[in-house]
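Dropping work_15.txt in here (compact mmCIF, C-alpha atoms):
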```txt
# COMPACT_ATOMS: atom_id res chain seq x y z
CA MET U 149 -19.92 -4.86 4.37
CA SER U 150 -21.70 -5.29 7.72
CA ASN U 151 -19.26 -8.07 8.68
CA ALA U 152 -16.12 -6.17 7.61
CA PRO U 153 -13.46 -6.41 10.33
CA LEU U 154 -12.83 -2.63 10.19
CA GLN U 155 -16.42 -1.51 9.70
CA GLY U 156 -16.91 1.92 11.25
CA VAL U 157 -13.20 2.69 11.56
CA LYS U 158 -12.46 6.16 10.19
CA VAL U 159 -9.10 6.85 8.54
CA VAL U 160 -7.65 10.06 7.13
CA GLU U 161 -4.86 9.48 4.63
CA LEU U 162 -2.39 12.16 3.61
CA GLY U 163 -0.40 9.92 1.33
CA VAL U 164 1.41 10.16 -1.99
CA TRP U 165 2.84 7.67 -4.45
CA VAL U 166 2.75 4.15 -2.95
CA ALA U 167 3.85 3.44 0.63
CA GLY U 168 1.28 5.52 2.53
CA PRO U 169 -1.63 4.72 0.19
CA ALA U 170 -0.69 1.01 0.37
CA VAL U 171 -1.41 1.02 4.11
CA THR U 172 -4.85 2.56 3.77
CA GLY U 173 -5.52 0.52 0.64
CA MET U 174 -5.40 -2.63 2.76
CA LEU U 175 -7.51 -1.00 5.47
CA ALA U 176 -10.09 -0.07 2.81
CA ASP U 177 -10.19 -3.69 1.62
CA TRP U 178 -10.84 -4.65 5.25
CA GLY U 179 -13.83 -2.29 5.46
CA ALA U 180 -12.45 0.95 6.91
CA ASP U 181 -13.80 4.30 5.72
CA ILE U 182 -10.85 6.09 4.10
CA LEU U 183 -10.79 9.79 3.29
CA LYS U 184 -7.88 10.29 0.91
CA ILE U 185 -6.80 13.94 1.09
CA GLU U 186 -5.29 15.12 -2.18
CA PRO U 187 -3.95 18.46 -3.39
CA PRO U 188 -5.73 20.14 -6.31
CA THR U 189 -3.29 18.48 -8.71
CA GLY U 190 -3.95 15.05 -7.18
CA ASP U 191 -1.73 12.34 -5.81
CA PRO U 192 1.17 12.21 -8.30
CA GLN U 193 0.68 8.45 -8.56
CA ARG U 194 -2.44 9.15 -10.62
CA ALA U 195 -0.12 10.40 -13.37
CA VAL U 196 2.68 7.87 -12.93
CA PHE U 197 2.40 6.60 -16.51
CA GLY U 198 2.79 10.14 -17.79
CA ALA U 199 5.87 10.58 -15.63
CA LEU U 200 7.29 7.49 -17.32
CA GLY U 201 6.51 8.85 -20.76
CA VAL U 202 3.37 6.78 -21.35
CA GLY U 203 0.31 8.98 -21.73
CA ASP U 204 -2.25 6.94 -23.63
CA GLN U 205 -3.04 4.15 -21.16
CA VAL U 206 -6.64 3.59 -20.05
CA GLY U 207 -6.59 3.30 -16.28
CA VAL U 208 -3.60 3.39 -13.93
CA PRO U 209 -3.19 -0.03 -12.26
CA PRO U 210 -0.34 1.16 -9.97
CA PHE U 211 -2.75 3.76 -8.54
CA GLU U 212 -5.81 1.52 -8.57
CA ILE U 213 -4.38 -1.28 -6.41
CA ASP U 214 -3.74 1.05 -3.46
CA ASN U 215 -6.67 3.45 -3.76
CA ARG U 216 -9.78 1.42 -4.54
CA GLY U 217 -12.69 1.86 -2.18
CA LYS U 218 -11.49 5.20 -0.81
CA ARG U 219 -13.12 8.62 -0.98
CA SER U 220 -11.09 11.38 -2.62
CA VAL U 221 -11.25 14.83 -1.05
CA VAL U 222 -9.33 17.75 -2.50
CA LEU U 223 -7.90 20.20 0.03
CA ASP U 224 -5.23 22.83 -0.52
CA LEU U 225 -3.47 22.63 2.83
CA ARG U 226 -1.64 25.89 2.17
CA ASN U 227 -5.03 27.52 2.57
CA ASP U 228 -6.05 28.21 6.19
CA SER U 229 -9.68 27.29 5.57
CA ASP U 230 -8.79 23.94 3.98
CA LEU U 231 -6.29 23.22 6.74
CA GLU U 232 -9.02 23.86 9.30
CA THR U 233 -11.27 21.43 7.41
CA MET U 234 -8.47 18.88 7.56
CA MET U 235 -8.21 19.29 11.32
CA THR U 236 -11.95 18.80 11.68
CA LEU U 237 -11.78 15.55 9.72
CA ILE U 238 -8.84 14.32 11.80
CA SER U 239 -10.66 15.20 15.03
CA GLU U 240 -13.32 12.62 14.18
CA ALA U 241 -10.92 9.99 12.82
CA ASP U 242 -9.57 6.88 14.50
CA ILE U 243 -6.41 6.73 12.41
CA PHE U 244 -4.23 9.18 10.47
CA VAL U 245 -1.76 7.73 7.96
CA THR U 246 0.88 9.63 6.05
CA ASN U 247 4.15 9.18 4.19
CA VAL U 248 4.82 12.91 3.71
CA ARG U 249 8.26 13.92 4.93
CA PRO U 250 8.34 15.07 8.60
CA ALA U 251 9.51 18.62 7.84
CA GLY U 252 6.55 19.20 5.53
CA LEU U 253 4.14 17.83 8.11
CA GLN U 254 5.60 20.08 10.79
CA ARG U 255 5.17 23.18 8.62
CA LEU U 256 1.47 22.35 8.30
CA GLY U 257 0.99 21.49 11.97
CA LEU U 258 0.25 17.88 10.99
CA ASP U 259 3.27 16.36 12.71
CA ALA U 260 2.84 13.56 15.22
CA GLU U 261 3.54 15.63 18.30
CA THR U 262 0.97 18.29 17.38
CA LEU U 263 -1.84 15.97 16.33
CA THR U 264 -1.52 13.47 19.18
CA ALA U 265 -1.53 16.35 21.67
CA LYS U 266 -4.73 17.75 20.13
CA PHE U 267 -6.39 14.36 19.64
CA PRO U 268 -5.25 11.91 22.35
CA ARG U 269 -7.26 8.98 20.93
CA LEU U 270 -5.77 9.35 17.46
CA ILE U 271 -3.55 6.60 16.10
CA TYR U 272 -0.90 8.36 14.04
CA GLY U 273 0.77 6.11 11.46
CA ILE U 274 3.76 7.36 9.50
CA ILE U 275 6.12 5.85 6.94
CA THR U 276 9.40 7.60 6.26
CA GLY U 277 12.35 6.79 4.07
CA TYR U 278 14.93 6.57 6.83
CA GLY U 279 13.22 6.94 10.22
CA LEU U 280 12.08 9.75 12.52
CA THR U 281 15.53 10.49 13.96
CA GLY U 282 19.02 10.81 12.53
CA PRO U 283 20.81 13.01 10.00
CA ASP U 284 18.72 11.95 6.99
CA VAL U 285 15.20 12.22 8.43
CA ASP U 286 14.02 14.48 5.61
CA LYS U 287 16.09 13.02 2.82
CA ALA U 288 14.17 11.76 -0.21
CA GLY U 289 14.15 7.99 -0.35
CA TYR U 290 11.67 6.06 -2.49
CA ASP U 291 11.81 2.32 -1.97
CA ILE U 292 14.62 1.88 -4.48
CA GLY U 293 16.83 4.18 -2.40
CA ALA U 294 15.95 3.37 1.20
CA PHE U 295 14.49 -0.15 1.08
CA TRP U 296 16.66 -1.54 -1.73
CA ALA U 297 19.97 0.31 -2.00
CA ARG U 298 20.78 1.69 1.44
CA SER U 299 19.49 -1.30 3.43
CA GLY U 300 22.08 -3.63 1.91
CA LEU U 301 19.34 -5.67 0.25
CA ALA U 302 20.36 -4.86 -3.32
CA HIS U 303 24.04 -5.56 -2.70
CA THR U 304 23.23 -8.83 -0.94
CA THR U 305 21.02 -10.11 -3.76
CA VAL U 306 23.83 -10.41 -6.31
CA ALA U 307 27.40 -11.68 -6.35
CA PRO U 308 29.88 -9.20 -4.80
CA ASP U 309 31.43 -8.27 -8.16
CA GLU U 310 28.07 -7.45 -9.76
CA LEU U 311 25.97 -4.31 -9.66
CA PRO U 312 22.35 -5.16 -8.79
CA PRO U 313 19.34 -4.58 -11.02
CA GLY U 314 16.60 -2.17 -10.04
CA LEU U 315 13.80 -3.13 -7.68
CA ARG U 316 10.40 -3.88 -9.20
CA SER U 317 8.17 -0.83 -8.83
CA GLY U 318 6.37 -0.59 -5.50
CA GLN U 319 7.85 -3.79 -4.07
CA GLY U 320 9.51 -2.14 -1.08
CA ASP U 321 6.59 0.26 -0.63
CA HIS U 322 4.08 -2.58 -0.38
CA THR U 323 6.26 -4.54 2.03
CA THR U 324 6.65 -1.48 4.23
CA GLY U 325 2.95 -0.70 3.92
CA MET U 326 2.12 -4.14 5.32
CA ALA U 327 4.48 -3.48 8.22
CA LEU U 328 2.75 -0.21 9.12
CA ALA U 329 -0.73 -1.70 8.68
CA SER U 330 0.11 -4.40 11.23
CA GLY U 331 1.45 -1.80 13.66
CA VAL U 332 -1.61 0.41 13.26
CA MET U 333 -3.88 -2.56 13.95
CA ALA U 334 -1.95 -3.35 17.15
CA ALA U 335 -2.34 0.27 18.25
CA LEU U 336 -6.06 0.19 17.46
CA PHE U 337 -6.44 -2.91 19.64
CA ASP U 338 -4.39 -1.31 22.40
CA ARG U 339 -6.65 1.75 22.35
CA GLU U 340 -9.60 -0.50 23.19
CA ARG U 341 -7.85 -1.27 26.46
CA THR U 342 -6.29 2.09 27.30
CA GLY U 343 -8.48 4.65 25.54
CA LYS U 344 -5.31 6.30 24.22
CA GLY U 345 -3.88 6.52 20.74
CA ARG U 346 -0.19 6.49 19.92
CA VAL U 347 2.32 7.13 17.18
CA VAL U 348 3.18 4.11 15.02
CA SER U 349 6.11 4.47 12.66
CA THR U 350 8.23 2.46 10.29
CA SER U 351 10.60 3.24 7.46
CA LEU U 352 11.55 1.84 4.10
CA LEU U 353 15.08 1.46 5.44
CA ARG U 354 14.16 -0.54 8.54
CA THR U 355 11.79 -2.80 6.64
CA GLY U 356 14.40 -3.51 3.97
CA ILE U 357 16.89 -4.54 6.65
CA TYR U 358 14.31 -6.73 8.37
CA THR U 359 13.65 -8.67 5.16
CA ILE U 360 17.26 -9.88 5.19
CA GLY U 361 17.42 -10.23 8.96
CA TRP U 362 19.04 -13.66 8.63
CA ASP U 363 22.06 -12.18 6.86
CA PHE U 364 22.30 -9.21 9.21
CA GLY U 365 21.89 -11.45 12.26
CA VAL U 366 24.73 -13.74 11.17
CA TYR U 367 26.98 -10.78 10.50
CA LEU U 368 26.14 -9.07 13.80
CA ARG U 369 26.87 -12.30 15.68
CA TYR U 370 29.88 -13.63 13.80
CA GLY U 371 31.22 -10.75 11.71
CA LYS U 372 30.80 -12.61 8.42
CA ARG U 373 28.18 -13.84 5.98
CA GLN U 374 28.00 -16.13 2.99
CA SER U 375 28.20 -14.07 -0.17
CA THR U 376 25.63 -14.48 -2.90
CA ARG U 377 26.89 -16.68 -5.71
CA PRO U 378 25.88 -17.05 -9.36
CA ARG U 379 23.36 -19.84 -9.94
CA HIS U 380 25.93 -22.22 -11.39
CA ARG U 381 27.93 -21.98 -8.15
CA ASN U 382 25.03 -22.22 -5.71
CA THR U 383 26.21 -24.35 -2.79
CA ALA U 384 22.71 -25.79 -2.42
CA PRO U 385 22.21 -27.49 -5.81
CA GLN U 386 18.93 -29.02 -4.58
CA MET U 387 17.61 -25.55 -3.72
CA THR U 388 18.03 -23.79 -7.05
CA CYS U 389 16.36 -23.58 -10.46
CA TYR U 390 16.81 -25.55 -13.67
CA ARG U 391 15.58 -25.14 -17.24
CA CYS U 392 13.89 -27.89 -19.23
CA ALA U 393 14.09 -28.74 -22.92
CA ASP U 394 11.05 -26.61 -23.77
CA GLY U 395 12.43 -23.49 -22.03
CA ARG U 396 10.26 -23.64 -18.92
CA ALA U 397 12.00 -23.77 -15.55
CA PHE U 398 11.33 -25.06 -12.04
CA TRP U 399 12.81 -24.50 -8.61
CA LEU U 400 13.87 -27.45 -6.48
CA LEU U 401 12.99 -27.27 -2.77
CA GLY U 402 15.30 -29.94 -1.37
CA LEU U 403 16.28 -28.10 1.81
CA GLU U 404 17.05 -31.29 3.75
CA ALA U 405 19.58 -32.28 1.12
CA ASP U 406 20.62 -35.76 2.26
CA ARG U 407 17.08 -36.84 3.15
CA HIS U 408 15.75 -35.69 -0.22
CA TRP U 409 18.67 -36.95 -2.34
CA PRO U 410 17.63 -40.62 -2.91
CA GLY U 411 14.07 -39.77 -3.96
CA PHE U 412 15.35 -36.99 -6.20
CA LEU U 413 17.77 -39.33 -7.97
CA LYS U 414 15.01 -41.89 -8.48
CA ALA U 415 12.68 -39.24 -9.93
CA ILE U 416 15.25 -38.18 -12.50
CA ASP U 417 16.48 -41.75 -13.12
CA ARG U 418 20.06 -40.91 -12.15
CA GLN U 419 20.68 -43.31 -9.25
CA ASP U 420 24.20 -43.63 -10.63
CA LEU U 421 25.03 -40.23 -9.12
CA ALA U 422 24.72 -41.71 -5.62
CA ALA U 423 27.98 -43.58 -6.20
CA VAL U 424 29.95 -40.50 -7.29
CA GLU U 425 32.42 -39.56 -4.55
CA ASN U 426 32.01 -35.82 -5.14
CA PHE U 427 28.23 -36.11 -4.63
CA LYS U 428 28.06 -38.60 -1.74
CA ASN U 429 26.55 -36.20 0.83
CA ALA U 430 25.29 -32.64 1.21
CA ARG U 431 28.72 -31.34 2.17
CA SER U 432 30.38 -32.93 -0.87
CA ARG U 433 27.70 -31.57 -3.18
CA ALA U 434 28.14 -28.08 -1.71
CA VAL U 435 31.90 -28.18 -2.25
CA ASN U 436 31.44 -29.51 -5.78
CA ALA U 437 28.32 -27.49 -6.56
CA GLU U 438 29.50 -26.24 -9.93
CA GLU U 439 30.12 -29.82 -11.10
CA ILE U 440 26.78 -31.26 -9.96
CA ILE U 441 24.80 -28.28 -11.29
CA ALA U 442 26.41 -28.73 -14.70
CA VAL U 443 25.46 -32.42 -14.66
CA LEU U 444 21.86 -31.60 -13.71
CA ASP U 445 21.60 -28.78 -16.23
CA ALA U 446 22.54 -31.15 -19.03
CA HIS U 447 20.17 -33.83 -17.76
CA PHE U 448 17.14 -31.57 -17.36
CA ALA U 449 17.70 -30.20 -20.86
CA THR U 450 16.82 -33.63 -22.28
CA GLN U 451 13.07 -33.54 -21.42
CA ASP U 452 10.32 -30.97 -21.20
CA TYR U 453 8.79 -29.34 -18.14
CA ALA U 454 5.70 -31.57 -18.00
CA TYR U 455 7.87 -34.69 -18.02
CA TRP U 456 10.14 -33.61 -15.17
CA THR U 457 7.46 -32.14 -12.94
CA SER U 458 5.27 -35.22 -13.29
CA ARG U 459 8.25 -37.35 -12.27
CA PHE U 460 8.82 -35.10 -9.26
CA ASP U 461 5.21 -35.46 -8.16
CA ALA U 462 5.31 -39.22 -8.57
CA GLU U 463 8.33 -39.48 -6.23
CA ASP U 464 7.30 -36.67 -3.82
CA VAL U 465 10.17 -34.41 -4.85
CA TRP U 466 9.42 -30.90 -3.66
CA TRP U 467 9.48 -28.23 -6.34
CA ALA U 468 7.79 -25.02 -7.50
CA PRO U 469 7.21 -23.57 -10.97
CA LEU U 470 9.40 -20.64 -11.95
CA ASN U 471 6.49 -18.54 -13.18
CA SER U 472 6.47 -15.44 -15.31
CA ILE U 473 3.67 -12.95 -14.59
CA PRO U 474 1.53 -14.42 -17.43
CA ASP U 475 2.28 -17.89 -16.05
CA ALA U 476 1.16 -16.84 -12.57
CA ILE U 477 -2.04 -15.21 -13.85
CA ASN U 478 -3.02 -18.55 -15.43
CA ASP U 479 -1.74 -20.79 -12.63
CA PRO U 480 -4.74 -22.68 -11.16
CA GLN U 481 -3.32 -22.52 -7.63
CA VAL U 482 -2.65 -18.79 -7.87
CA ILE U 483 -6.23 -18.28 -9.05
CA ALA U 484 -7.61 -20.50 -6.29
CA SER U 485 -5.63 -18.55 -3.67
CA GLY U 486 -7.70 -15.45 -4.42
CA ALA U 487 -4.77 -13.43 -5.74
CA PHE U 488 -6.91 -11.61 -8.31
CA ILE U 489 -10.25 -9.87 -7.89
CA ASP U 490 -12.90 -8.25 -10.03
CA MET U 491 -12.95 -4.51 -9.55
CA THR U 492 -16.01 -2.28 -9.30
CA PRO U 493 -15.56 0.08 -12.26
CA GLN U 494 -16.58 3.70 -12.40
CA PRO U 495 -19.71 4.41 -14.54
CA GLY U 496 -18.84 3.87 -18.20
CA GLU U 497 -15.64 2.03 -17.36
CA ALA U 498 -15.14 -1.52 -18.66
CA PRO U 499 -14.86 -4.34 -16.08
CA TYR U 500 -11.33 -5.33 -15.16
CA ARG U 501 -9.34 -7.45 -12.72
CA ALA U 502 -6.68 -6.37 -10.25
CA VAL U 503 -4.37 -7.83 -7.61
CA ASN U 504 -5.93 -8.62 -4.25
CA SER U 505 -4.42 -7.56 -0.94
CA PRO U 506 -2.82 -10.54 0.83
CA VAL U 507 -5.16 -11.14 3.81
CA ASP U 508 -8.60 -12.81 3.88
CA PHE U 509 -11.18 -12.92 6.67
CA ASP U 510 -13.65 -15.79 6.85
CA GLY U 511 -17.26 -14.74 6.39
CA TYR U 512 -16.27 -11.46 4.74
CA ASN U 513 -16.50 -10.89 1.00
CA PRO U 514 -15.42 -7.34 0.24
CA THR U 515 -16.48 -5.22 -2.69
CA TYR U 516 -13.34 -3.91 -4.35
CA GLY U 517 -13.55 -0.35 -5.54
CA PRO U 518 -14.40 1.76 -7.25
CA VAL U 519 -11.25 3.85 -7.56
CA PRO U 520 -12.27 7.44 -6.79
CA ASN U 521 -11.91 10.23 -9.27
CA LEU U 522 -9.93 13.22 -8.04
CA GLY U 523 -12.07 15.29 -5.69
CA GLN U 524 -15.11 13.09 -6.21
CA HIS U 525 -16.23 13.35 -2.59
CA GLU U 526 -17.12 15.99 -0.02
CA PRO U 527 -14.90 16.68 3.01
CA LYS U 528 -17.15 15.02 5.57
CA TRP U 529 -17.64 11.66 7.22
```
Encoded form using structure tokens:
Amino acid sequence: MSNAPLQGVKVVELGVWVAGPAVTGMLADWGADILKIEPPTGDPQRAVFGALGVGDQVGVPPFEIDNRGKRSVVLDLRNDSDLETMMTLISEADIFVTNVRPAGLQRLGLDAETLTAKFPRLIYGIITGYGLTGPDVDKAGYDIGAFWARSGLAHTTVAPDELPPGLRSGQGDHTTGMALASGVMAALFDRERTGKGRVVSTSLLRTGIYTIGWDFGVYLRYGKRQSTRPRHRNTAPQMTCYRCADGRAFWLLGLEADRHWPGFLKAIDRQDLAAVENFKNARSRAVNAEEIIAVLDAHFATQDYAYWTSRFDAEDVWWAPLNSIPDAINDPQVIASGAFIDMTPQPGEAPYRAVNSPVDFDGYNPTYGPVPNLGQHEPKW
């Protein structure tokens, strides 16, 4: 890994579950040396399947994606000697990353104020549920609470009279992890100029709000927003999904509705719809969305997916497949994008594939893994 962008960068992680380990998981993929500090019982994410009532799985993919390529060091930070060892490791580190709640960090003397005073060059990265100030600083969050529910994201995703479904596991954590990784990299660059570290923080709550910044921005400016509608009432009928005769579905990408309308009608052999008063322009189609979607639903149900998508390609109609996870795993473009990688297994472990982190560097081909066993490594650089 001599050409790794983060070669030689030393990182101490005091992380649990997903958000904190996701940050250092990406840094490990980029070549940083990560010491993952775990309690004697291990990061609870190692046993996540057991917590969900599944105890007989081989491997733990939710742990593996964020912890490959790290070194696992067991320290009991309630023990003065182990806490001193921790401080020694941090003293030689470039970056410290944690998602432990601030009150717990303060009790251990691992809070931002203490560590940055002791180690002025240290970049201190922290993810919290709700931020570093305010009444709920130490309230438990998880991404489903802070990123999804409290941010307004869950409510905004469904129609106002519906209760939203749960968030997919780790989705908010990974999004927030990417946010902190970018901030930590900016601070690392800044230290090259100033010689000084700094505290870099983000929260599941702030990141969740940022992901729907369009909706928040409109509301902050105008005091209103367009509510989410069921698919059959989507006011952008050329920007929604449809199902074919064989059950597969696609998503139309006709953002510039009037410009894309003639080619779309030609592709589906429904030029007659151009003469319908209710469909004459984008505004009319938005007002009469339920009517046009019903017409298109019935039409697309007459032929299979291969037929319609080949017609789209022939007429340069923009579309995307509505993939399931198995569909995506076998999608040639997904494969070509580098989304999946071969892991380095532990001795005696069968080879397996995993999800790649989302950034590539030209000229750098990382080795992914292995995933460390609990306490596999010594507490030293």
Kindly extract all protein, DNA and RNA residues lying within 12 Å of the coordinates (-12.0, 16.7, 9.7) given in the file, considering only C-alpha atoms, and supply them as a ChimeraX atom specification. /U:158-161,183-185,221,223,229-244,267,526-529
Please save C-alpha atoms of the selected residues as a tab-separated table (two decimals), keeping the file's coordinate frame.
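Output file selection-v4.tsv follows:
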```tsv
chain	number	residue	atom	x	y	z
U	158	LYS	CA	-12.46	6.16	10.19
U	159	VAL	CA	-9.10	6.85	8.54
U	160	VAL	CA	-7.65	10.06	7.13
U	161	GLU	CA	-4.86	9.48	4.63
U	183	LEU	CA	-10.79	9.79	3.29
U	184	LYS	CA	-7.88	10.29	0.91
U	185	ILE	CA	-6.80	13.94	1.09
U	221	VAL	CA	-11.25	14.83	-1.05
U	223	LEU	CA	-7.90	20.20	0.03
U	229	SER	CA	-9.68	27.29	5.57
U	230	ASP	CA	-8.79	23.94	3.98
U	231	LEU	CA	-6.29	23.22	6.74
U	232	GLU	CA	-9.02	23.86	9.30
U	233	THR	CA	-11.27	21.43	7.41
U	234	MET	CA	-8.47	18.88	7.56
U	235	MET	CA	-8.21	19.29	11.32
U	236	THR	CA	-11.95	18.80	11.68
U	237	LEU	CA	-11.78	15.55	9.72
U	238	ILE	CA	-8.84	14.32	11.80
U	239	SER	CA	-10.66	15.20	15.03
U	240	GLU	CA	-13.32	12.62	14.18
U	241	ALA	CA	-10.92	9.99	12.82
U	242	ASP	CA	-9.57	6.88	14.50
U	243	ILE	CA	-6.41	6.73	12.41
U	244	PHE	CA	-4.23	9.18	10.47
U	267	PHE	CA	-6.39	14.36	19.64
U	526	GLU	CA	-17.12	15.99	-0.02
U	527	PRO	CA	-14.90	16.68	3.01
U	528	LYS	CA	-17.15	15.02	5.57
U	529	TRP	CA	-17.64	11.66	7.22
```
Distance criterion (all atoms listed in the file): nearest to Val196 of chain U out of U:Ser349, U:Thr276, U:Asn426, U:Ser317: U:Ser317
Give me the box for segment 290-308 of chain U as JSON, namely the centre and edge lengths in Å to one decimal of a box along x, y and z that holds every listed atom plus 3 Å on each side.
```
{"center_x": 20.8, "center_y": -2.8, "center_z": -1.5, "size_x": 24.2, "size_y": 23.7, "size_z": 15.8}
```
One residue among U:Gly156, U:Gly314, U:Gly252, U:Gly331 is nearest to Tyr272 of chain U when using all atoms listed in the file, and that residue is U:Gly331
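With only C-alpha atoms as the atoms that count, the residue of U:Asp259, U:Glu404, U:Asp394, U:Asp464 with the shortest distance to Ala449 of chain U is U:Asp394.
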Give me the residues near Leu413 of chain U as a compact mmCIF listing (two decimals) with C-alpha atoms, in the coordinates of the input, where near means some atom within 12 Å (using all atoms listed in the file) and where sequence neighbours in that chain fewer than 5 positions away do not count.
```
# COMPACT_ATOMS: atom_id res chain seq x y z
CA GLN U 386 18.93 -29.02 -4.58
CA GLY U 402 15.30 -29.94 -1.37
CA ALA U 405 19.58 -32.28 1.12
CA ASP U 406 20.62 -35.76 2.26
CA ARG U 407 17.08 -36.84 3.15
CA HIS U 408 15.75 -35.69 -0.22
CA ARG U 418 20.06 -40.91 -12.15
CA GLN U 419 20.68 -43.31 -9.25
CA ASP U 420 24.20 -43.63 -10.63
CA LEU U 421 25.03 -40.23 -9.12
CA ALA U 422 24.72 -41.71 -5.62
CA ALA U 423 27.98 -43.58 -6.20
CA PHE U 427 28.23 -36.11 -4.63
CA LEU U 444 21.86 -31.60 -13.71
CA HIS U 447 20.17 -33.83 -17.76
CA TRP U 456 10.14 -33.61 -15.17
CA ARG U 459 8.25 -37.35 -12.27
CA PHE U 460 8.82 -35.10 -9.26
CA GLU U 463 8.33 -39.48 -6.23
CA ASP U 464 7.30 -36.67 -3.82
CA VAL U 465 10.17 -34.41 -4.85
```
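A straight line drawn from atom CA of Leu175 of chain U to atom CA of Trp296 of chain U is 25.2 Å long.
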Please list as a PDB file with C-alpha atoms, in the frame of the given file every residue within 10 Å of Ile271 of chain U, counting only C-alpha atoms and excluding residues in the same chain fewer than 3 positions away.
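Below is the file that was written, around-v3.pdb:
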```
ATOM      1  CA  VAL U 159      -9.100   6.850   8.540  1.00  0.00           C
ATOM      2  CA  ALA U 241     -10.920   9.990  12.820  1.00  0.00           C
ATOM      3  CA  ASP U 242      -9.570   6.880  14.500  1.00  0.00           C
ATOM      4  CA  ILE U 243      -6.410   6.730  12.410  1.00  0.00           C
ATOM      5  CA  PHE U 244      -4.230   9.180  10.470  1.00  0.00           C
ATOM      6  CA  VAL U 245      -1.760   7.730   7.960  1.00  0.00           C
ATOM      7  CA  ALA U 260       2.840  13.560  15.220  1.00  0.00           C
ATOM      8  CA  LEU U 263      -1.840  15.970  16.330  1.00  0.00           C
ATOM      9  CA  THR U 264      -1.520  13.470  19.180  1.00  0.00           C
ATOM     10  CA  PHE U 267      -6.390  14.360  19.640  1.00  0.00           C
ATOM     11  CA  PRO U 268      -5.250  11.910  22.350  1.00  0.00           C
ATOM     12  CA  ILE U 274       3.760   7.360   9.500  1.00  0.00           C
ATOM     13  CA  VAL U 332      -1.610   0.410  13.260  1.00  0.00           C
ATOM     14  CA  MET U 333      -3.880  -2.560  13.950  1.00  0.00           C
ATOM     15  CA  ALA U 335      -2.340   0.270  18.250  1.00  0.00           C
ATOM     16  CA  LEU U 336      -6.060   0.190  17.460  1.00  0.00           C
ATOM     17  CA  ARG U 339      -6.650   1.750  22.350  1.00  0.00           C
ATOM     18  CA  LYS U 344      -5.310   6.300  24.220  1.00  0.00           C
ATOM     19  CA  GLY U 345      -3.880   6.520  20.740  1.00  0.00           C
ATOM     20  CA  ARG U 346      -0.190   6.490  19.920  1.00  0.00           C
ATOM     21  CA  VAL U 347       2.320   7.130  17.180  1.00  0.00           C
ATOM     22  CA  VAL U 348       3.180   4.110  15.020  1.00  0.00           C
TER      23      VAL U 348
END
```
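Across U:Asn471, U:Gln193, U:Ser505, U:Ser351, the tightest approach to Ala487 of chain U is made by U:Ser505 when counting all atoms listed in the file.
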With all atoms listed in the file as the basis for distance, which of U:Ile477, U:Ala384, U:Val248, U:Val206 is at the shortest distance from Ile440 of chain U?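 Answer, going by the shortest atom-to-atom distance: U:Ala384.
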If you count all atoms listed in the file, the residue of U:Thr457, U:Gln205, U:Ser220, U:Thr376 closest to Thr304 of chain U turns out to be U:Thr376
Within 10 Å of Phe509 of chain U, counting only C-alpha atoms, which residues qualify if same-chain residues fewer than 2 places away don't, as a ChimeraX atom specification? /U:151-153,178,507,511-514
Export C-alpha atoms of segment 260-286 of chain U from the structure just given, as a short mmCIF file (atom, residue, chain, number, x, y, z; two decimals), in the first residue's frame?
```
data_model
loop_
_atom_site.label_atom_id
_atom_site.label_comp_id
_atom_site.auth_asym_id
_atom_site.auth_seq_id
_atom_site.Cartn_x
_atom_site.Cartn_y
_atom_site.Cartn_z
CA ALA U 260 -12.34 16.85 23.20
CA GLU U 261 -11.27 19.65 25.51
CA THR U 262 -8.96 17.40 27.53
CA LEU U 263 -7.32 15.59 24.64
CA THR U 264 -6.78 18.61 22.39
CA ALA U 265 -5.20 20.47 25.32
CA LYS U 266 -2.81 17.56 25.95
CA PHE U 267 -2.11 16.87 22.28
CA PRO U 268 -2.35 20.11 20.24
CA ARG U 269 -1.68 18.37 16.89
CA LEU U 270 -4.45 15.82 17.41
CA ILE U 271 -7.47 15.89 15.12
CA TYR U 272 -10.41 14.91 17.29
CA GLY U 273 -13.39 13.58 15.32
CA ILE U 274 -16.68 12.91 17.07
CA ILE U 275 -20.13 11.78 15.96
CA THR U 276 -23.04 12.31 18.32
CA GLY U 277 -26.73 11.69 18.04
CA TYR U 278 -27.86 15.28 18.49
CA GLY U 279 -24.80 17.56 18.65
CA LEU U 280 -22.32 18.79 21.26
CA THR U 281 -24.63 21.42 22.77
CA GLY U 282 -28.28 21.56 23.74
CA PRO U 283 -30.60 19.74 26.14
CA ASP U 284 -30.24 16.30 24.53
CA VAL U 285 -26.45 16.09 24.13
CA ASP U 286 -26.26 12.77 25.97
#
```
